[in-house]
$ cat input-v7.txt   # compact mmCIF, C-alpha atoms
# COMPACT_ATOMS: atom_id res chain seq x y z
CA MET A 156 50.49 60.84 -31.07
CA THR A 157 46.73 60.31 -30.77
CA ILE A 158 45.22 59.28 -27.46
CA THR A 159 42.06 57.22 -27.77
CA THR A 160 39.71 56.86 -24.85
CA PRO A 161 37.65 53.68 -24.73
CA LYS A 162 33.92 54.06 -25.30
CA LEU A 163 31.63 53.17 -22.43
CA THR A 164 28.58 50.98 -22.60
CA PHE A 165 25.37 52.24 -21.01
CA GLU A 166 25.90 49.82 -18.09
CA GLU A 167 29.44 51.13 -17.53
CA TYR A 168 28.13 54.70 -17.65
CA LEU A 169 25.60 53.95 -14.91
CA LYS A 170 28.41 52.71 -12.64
CA TYR A 171 30.92 55.43 -13.58
CA HIS A 172 32.14 57.82 -10.89
CA ASP A 173 35.33 59.85 -11.16
CA GLY A 174 35.36 61.08 -7.56
CA THR A 175 34.13 64.57 -8.47
CA ASP A 176 30.72 66.25 -8.41
CA THR A 177 30.73 66.52 -12.22
CA ARG A 178 27.64 65.11 -13.91
CA TYR A 179 28.10 63.48 -17.28
CA GLU A 180 25.86 62.58 -20.16
CA LEU A 181 26.80 59.67 -22.40
CA VAL A 182 26.89 60.45 -26.12
CA ASN A 183 27.83 57.65 -28.49
CA GLY A 184 29.80 55.99 -25.70
CA GLU A 185 31.70 59.14 -24.69
CA LEU A 186 31.32 61.04 -21.42
CA ILE A 187 30.28 64.66 -21.90
CA PRO A 188 30.49 66.90 -18.79
CA MET A 189 27.30 68.85 -18.11
CA SER A 190 27.58 72.54 -17.41
CA LEU A 191 25.61 74.13 -14.61
CA GLY A 192 22.57 76.15 -15.61
CA SER A 193 21.99 79.75 -14.63
CA GLU A 194 19.98 80.80 -11.58
CA GLN A 195 17.03 81.56 -13.88
CA HIS A 196 17.31 78.12 -15.49
CA GLY A 197 17.31 76.44 -12.07
CA ALA A 198 14.27 78.44 -10.95
CA LEU A 199 12.37 77.53 -14.11
CA THR A 200 13.12 73.80 -13.86
CA GLU A 201 12.11 73.84 -10.19
CA PHE A 202 8.81 75.55 -11.08
CA ILE A 203 8.09 73.02 -13.85
CA ASN A 204 8.91 70.13 -11.53
CA LEU A 205 6.59 71.51 -8.82
CA CYS A 206 3.78 71.92 -11.38
CA PHE A 207 4.20 68.32 -12.55
CA ARG A 208 4.21 67.05 -8.96
CA ALA A 209 1.05 69.00 -8.11
CA GLU A 210 -0.74 67.63 -11.18
CA ILE A 211 0.40 64.07 -10.43
CA LEU A 212 -1.03 64.41 -6.91
CA ARG A 213 -4.24 66.01 -8.17
CA LEU A 214 -4.82 63.20 -10.66
CA LYS A 215 -3.74 60.58 -8.10
CA LEU A 216 -1.30 59.01 -10.54
CA ASP A 217 1.35 56.48 -9.56
CA TRP A 218 4.04 58.63 -11.15
CA THR A 219 6.93 60.74 -9.91
CA SER A 220 8.68 63.84 -11.20
CA LYS A 221 12.44 64.31 -10.82
CA GLN A 222 14.58 67.34 -11.51
CA MET A 223 17.98 66.76 -13.18
CA VAL A 224 18.80 63.51 -11.37
CA ILE A 225 17.78 60.67 -13.71
CA ALA A 226 19.61 59.59 -16.84
CA VAL A 227 17.32 58.64 -19.71
CA ARG A 228 18.69 56.22 -22.26
CA SER A 229 18.06 57.36 -25.80
CA PRO A 230 18.92 55.73 -29.11
CA ARG A 231 20.97 57.55 -31.72
CA VAL A 232 20.95 55.99 -35.15
CA GLY A 233 19.96 52.61 -33.74
CA ARG A 234 22.63 52.63 -31.01
CA TRP A 235 21.75 52.67 -27.32
CA ASP A 236 25.02 54.03 -25.92
CA THR A 237 23.60 57.52 -25.40
CA SER A 238 22.01 58.82 -22.22
CA ARG A 239 20.81 62.32 -21.40
CA ILE A 240 19.91 63.92 -18.08
CA PRO A 241 16.78 65.98 -18.75
CA ASP A 242 15.95 69.08 -16.73
CA VAL A 243 12.71 67.45 -15.57
CA VAL A 244 11.42 63.94 -16.17
CA VAL A 245 8.10 62.30 -15.25
CA ILE A 246 8.21 58.53 -14.81
CA PRO A 247 5.77 55.84 -13.63

$ encode --input "input-v7.txt" --output "structure tokens"
Amino acid sequence: MTITTPKLTFEEYLKYHDGTDTRYELVNGELIPMSLGSEQHGALTEFINLCFRAEILRLKLDWTSKQMVIAVRSPRVGRWDTSRIPDVVVIP
């Protein structure tokens, strides 16, 4: 017997919460649990985020830098039901 899980839309993904602390990325409509990075990985992403924030302030830009908290929707073969959570993202 094959069990099929329904695919989520991007909007459903944004509202999804399973009651755990697990973070998910959406790939072709399917939830993919994200693994935790190593201590070194966390230190590096924090350093990069701090550098971006300092440069944003120095240049007086109306931007923000976020570390592993924002899902970015990305097309895959013309479909928009994929979303990744980058280590660091800079947004207006």

$ closest_residue --input "input-v7.txt" --among "A:Leu205, A:Thr200, A:Ser238, A:Gln195" --to "Thr219 in chain A" --atoms "only C-alpha atoms"
A:Leu205

$ closest_residue --input "input-v7.txt" --among "A:Val182, A:Leu216, A:Cys206, A:Leu163" --to "Pro247 in chain A" --atoms "all atoms listed in the file"
A:Leu216

$ closest_residue --input "input-v7.txt" --among "A:Thr164, A:Ile203, A:His172, A:Arg178" --to "Leu191 in chain A" --atoms "all atoms listed in the file"
A:Arg178

$ atom_distance --input "input-v7.txt" --atom1 "CA of Phe165 in chain A" --atom2 "CA of Glu185 in chain A"
10.1 Å

$ residues_around --input "input-v7.txt" --residues "Asn204 in chain A" --least-positions-apart "3" --cutoff "8 Å" --atoms "all atoms listed in the file" --output "ChimeraX atom specification"
/A:200-201,207-208,220-222,243

$ residues_around --input "input-v7.txt" --residues "Asp217 in chain A" --least-positions-apart "4" --cutoff "9 Å" --atoms "only C-alpha atoms" --output "ChimeraX atom specification"
/A:211-212,246-247

$ atom_distance --input "input-v7.txt" --atom1 "CA of Glu166 in chain A" --atom2 "CA of Ser190 in chain A"
22.8 Å

$ atom_distance --input "input-v7.txt" --atom1 "CA of Lys170 in chain A" --atom2 "CA of Met223 in chain A"
17.5 Å

$ closest_residue --input "input-v7.txt" --among "A:Asp242, A:Leu181, A:Pro161, A:Asp176" --to "Leu199 in chain A" --atoms "all atoms listed in the file"
A:Asp242

$ closest_residue --input "input-v7.txt" --among "A:Thr237, A:Leu169, A:Thr177, A:Arg213" --to "Met189 in chain A" --atoms "all atoms listed in the file"
A:Thr177

$ closest_residue --input "input-v7.txt" --among "A:Ala209, A:Tyr168, A:Ile225, A:Phe202" --to "Asn183 in chain A" --atoms "only C-alpha atoms"
A:Tyr168

$ axis_aligned_box --input "input-v7.txt" --around "range 164-183 of chain A" --padding-each-side "4 Å" --output "JSON"
{"center_x": 30.4, "center_y": 58.2, "center_z": -18.0, "size_x": 18.0, "size_y": 24.7, "size_z": 28.9}

$ build_atoms --input "input-v7.txt" --residues "range 172-183 of chain A" --atoms "all heavy atoms" --output "mmCIF file, in the coordinates of the input"
data_model
loop_
_atom_site.group_PDB
_atom_site.id
_atom_site.type_symbol
_atom_site.label_atom_id
_atom_site.label_comp_id
_atom_site.auth_asym_id
_atom_site.auth_seq_id
_atom_site.Cartn_x
_atom_site.Cartn_y
_atom_site.Cartn_z
ATOM 1 N N HIS A 172 31.993 56.720 -11.833
ATOM 2 C CA HIS A 172 32.140 57.820 -10.890
ATOM 3 C C HIS A 172 33.627 58.175 -10.854
ATOM 4 O O HIS A 172 34.468 57.329 -10.599
ATOM 5 C CB HIS A 172 31.666 57.430 -9.490
ATOM 6 C CG HIS A 172 31.592 58.594 -8.556
ATOM 7 N ND1 HIS A 172 32.703 59.257 -8.110
ATOM 8 C CD2 HIS A 172 30.542 59.226 -8.000
ATOM 9 C CE1 HIS A 172 32.346 60.248 -7.314
ATOM 10 N NE2 HIS A 172 31.033 60.250 -7.234
ATOM 11 N N ASP A 173 33.926 59.431 -11.111
ATOM 12 C CA ASP A 173 35.330 59.850 -11.160
ATOM 13 C C ASP A 173 35.800 60.545 -9.878
ATOM 14 O O ASP A 173 36.880 61.130 -9.838
ATOM 15 C CB ASP A 173 35.588 60.753 -12.369
ATOM 16 C CG ASP A 173 34.825 62.068 -12.315
ATOM 17 O OD1 ASP A 173 34.084 62.295 -11.341
ATOM 18 O OD2 ASP A 173 34.979 62.871 -13.263
ATOM 19 N N GLY A 174 34.966 60.491 -8.824
ATOM 20 C CA GLY A 174 35.360 61.080 -7.560
ATOM 21 C C GLY A 174 35.096 62.574 -7.460
ATOM 22 O O GLY A 174 35.460 63.203 -6.472
ATOM 23 N N THR A 175 34.465 63.149 -8.494
ATOM 24 C CA THR A 175 34.130 64.570 -8.470
ATOM 25 C C THR A 175 32.610 64.729 -8.436
ATOM 26 O O THR A 175 31.874 63.745 -8.504
ATOM 27 C CB THR A 175 34.678 65.298 -9.713
ATOM 28 O OG1 THR A 175 33.923 64.894 -10.862
ATOM 29 C CG2 THR A 175 36.154 64.993 -9.943
ATOM 30 N N ASP A 176 32.153 65.969 -8.362
ATOM 31 C CA ASP A 176 30.720 66.250 -8.410
ATOM 32 C C ASP A 176 30.232 66.483 -9.843
ATOM 33 O O ASP A 176 29.081 66.836 -10.055
ATOM 34 C CB ASP A 176 30.397 67.497 -7.579
ATOM 35 C CG ASP A 176 30.544 67.237 -6.092
ATOM 36 O OD1 ASP A 176 30.428 66.067 -5.679
ATOM 37 O OD2 ASP A 176 30.764 68.207 -5.339
ATOM 38 N N THR A 177 31.098 66.293 -10.822
ATOM 39 C CA THR A 177 30.730 66.520 -12.220
ATOM 40 C C THR A 177 29.692 65.496 -12.668
ATOM 41 O O THR A 177 29.841 64.301 -12.425
ATOM 42 C CB THR A 177 31.966 66.412 -13.129
ATOM 43 O OG1 THR A 177 32.959 67.323 -12.669
ATOM 44 C CG2 THR A 177 31.628 66.702 -14.578
ATOM 45 N N ARG A 178 28.638 65.995 -13.312
ATOM 46 C CA ARG A 178 27.640 65.110 -13.910
ATOM 47 C C ARG A 178 27.969 64.969 -15.389
ATOM 48 O O ARG A 178 28.387 65.926 -16.036
ATOM 49 C CB ARG A 178 26.237 65.693 -13.771
ATOM 50 C CG ARG A 178 25.739 65.643 -12.362
ATOM 51 C CD ARG A 178 24.295 66.043 -12.328
ATOM 52 N NE ARG A 178 23.825 66.039 -10.955
ATOM 53 C CZ ARG A 178 22.640 66.436 -10.588
ATOM 54 N NH1 ARG A 178 21.792 66.875 -11.484
ATOM 55 N NH2 ARG A 178 22.282 66.402 -9.337
ATOM 56 N N TYR A 179 27.785 63.761 -15.891
ATOM 57 C CA TYR A 179 28.100 63.480 -17.280
ATOM 58 C C TYR A 179 26.878 62.937 -18.000
ATOM 59 O O TYR A 179 26.067 62.221 -17.416
ATOM 60 C CB TYR A 179 29.210 62.429 -17.385
ATOM 61 C CG TYR A 179 30.538 62.874 -16.847
ATOM 62 C CD1 TYR A 179 30.898 62.599 -15.526
ATOM 63 C CD2 TYR A 179 31.449 63.551 -17.644
ATOM 64 C CE1 TYR A 179 32.123 62.997 -15.024
ATOM 65 C CE2 TYR A 179 32.679 63.950 -17.144
ATOM 66 C CZ TYR A 179 33.011 63.669 -15.834
ATOM 67 O OH TYR A 179 34.223 64.069 -15.342
ATOM 68 N N GLU A 180 26.776 63.259 -19.274
ATOM 69 C CA GLU A 180 25.860 62.580 -20.160
ATOM 70 C C GLU A 180 26.716 61.649 -21.008
ATOM 71 O O GLU A 180 27.927 61.848 -21.152
ATOM 72 C CB GLU A 180 25.096 63.564 -21.041
ATOM 73 C CG GLU A 180 24.112 64.401 -20.256
ATOM 74 C CD GLU A 180 23.262 65.316 -21.105
ATOM 75 O OE1 GLU A 180 23.767 65.869 -22.106
ATOM 76 O OE2 GLU A 180 22.093 65.479 -20.758
ATOM 77 N N LEU A 181 26.092 60.628 -21.550
ATOM 78 C CA LEU A 181 26.800 59.670 -22.400
ATOM 79 C C LEU A 181 26.316 59.903 -23.831
ATOM 80 O O LEU A 181 25.123 59.820 -24.103
ATOM 81 C CB LEU A 181 26.467 58.238 -21.965
ATOM 82 C CG LEU A 181 27.169 57.117 -22.711
ATOM 83 C CD1 LEU A 181 28.664 57.117 -22.393
ATOM 84 C CD2 LEU A 181 26.551 55.774 -22.361
ATOM 85 N N VAL A 182 27.233 60.216 -24.727
ATOM 86 C CA VAL A 182 26.890 60.450 -26.120
ATOM 87 C C VAL A 182 27.757 59.563 -26.997
ATOM 88 O O VAL A 182 28.979 59.724 -27.033
ATOM 89 C CB VAL A 182 27.065 61.940 -26.512
ATOM 90 C CG1 VAL A 182 26.719 62.156 -27.981
ATOM 91 C CG2 VAL A 182 26.219 62.835 -25.617
ATOM 92 N N ASN A 183 27.109 58.609 -27.646
ATOM 93 C CA ASN A 183 27.830 57.650 -28.490
ATOM 94 C C ASN A 183 28.994 57.010 -27.761
ATOM 95 O O ASN A 183 30.081 56.851 -28.300
ATOM 96 C CB ASN A 183 28.300 58.302 -29.787
ATOM 97 C CG ASN A 183 27.151 58.705 -30.672
ATOM 98 O OD1 ASN A 183 26.112 58.051 -30.704
ATOM 99 N ND2 ASN A 183 27.314 59.794 -31.384
#
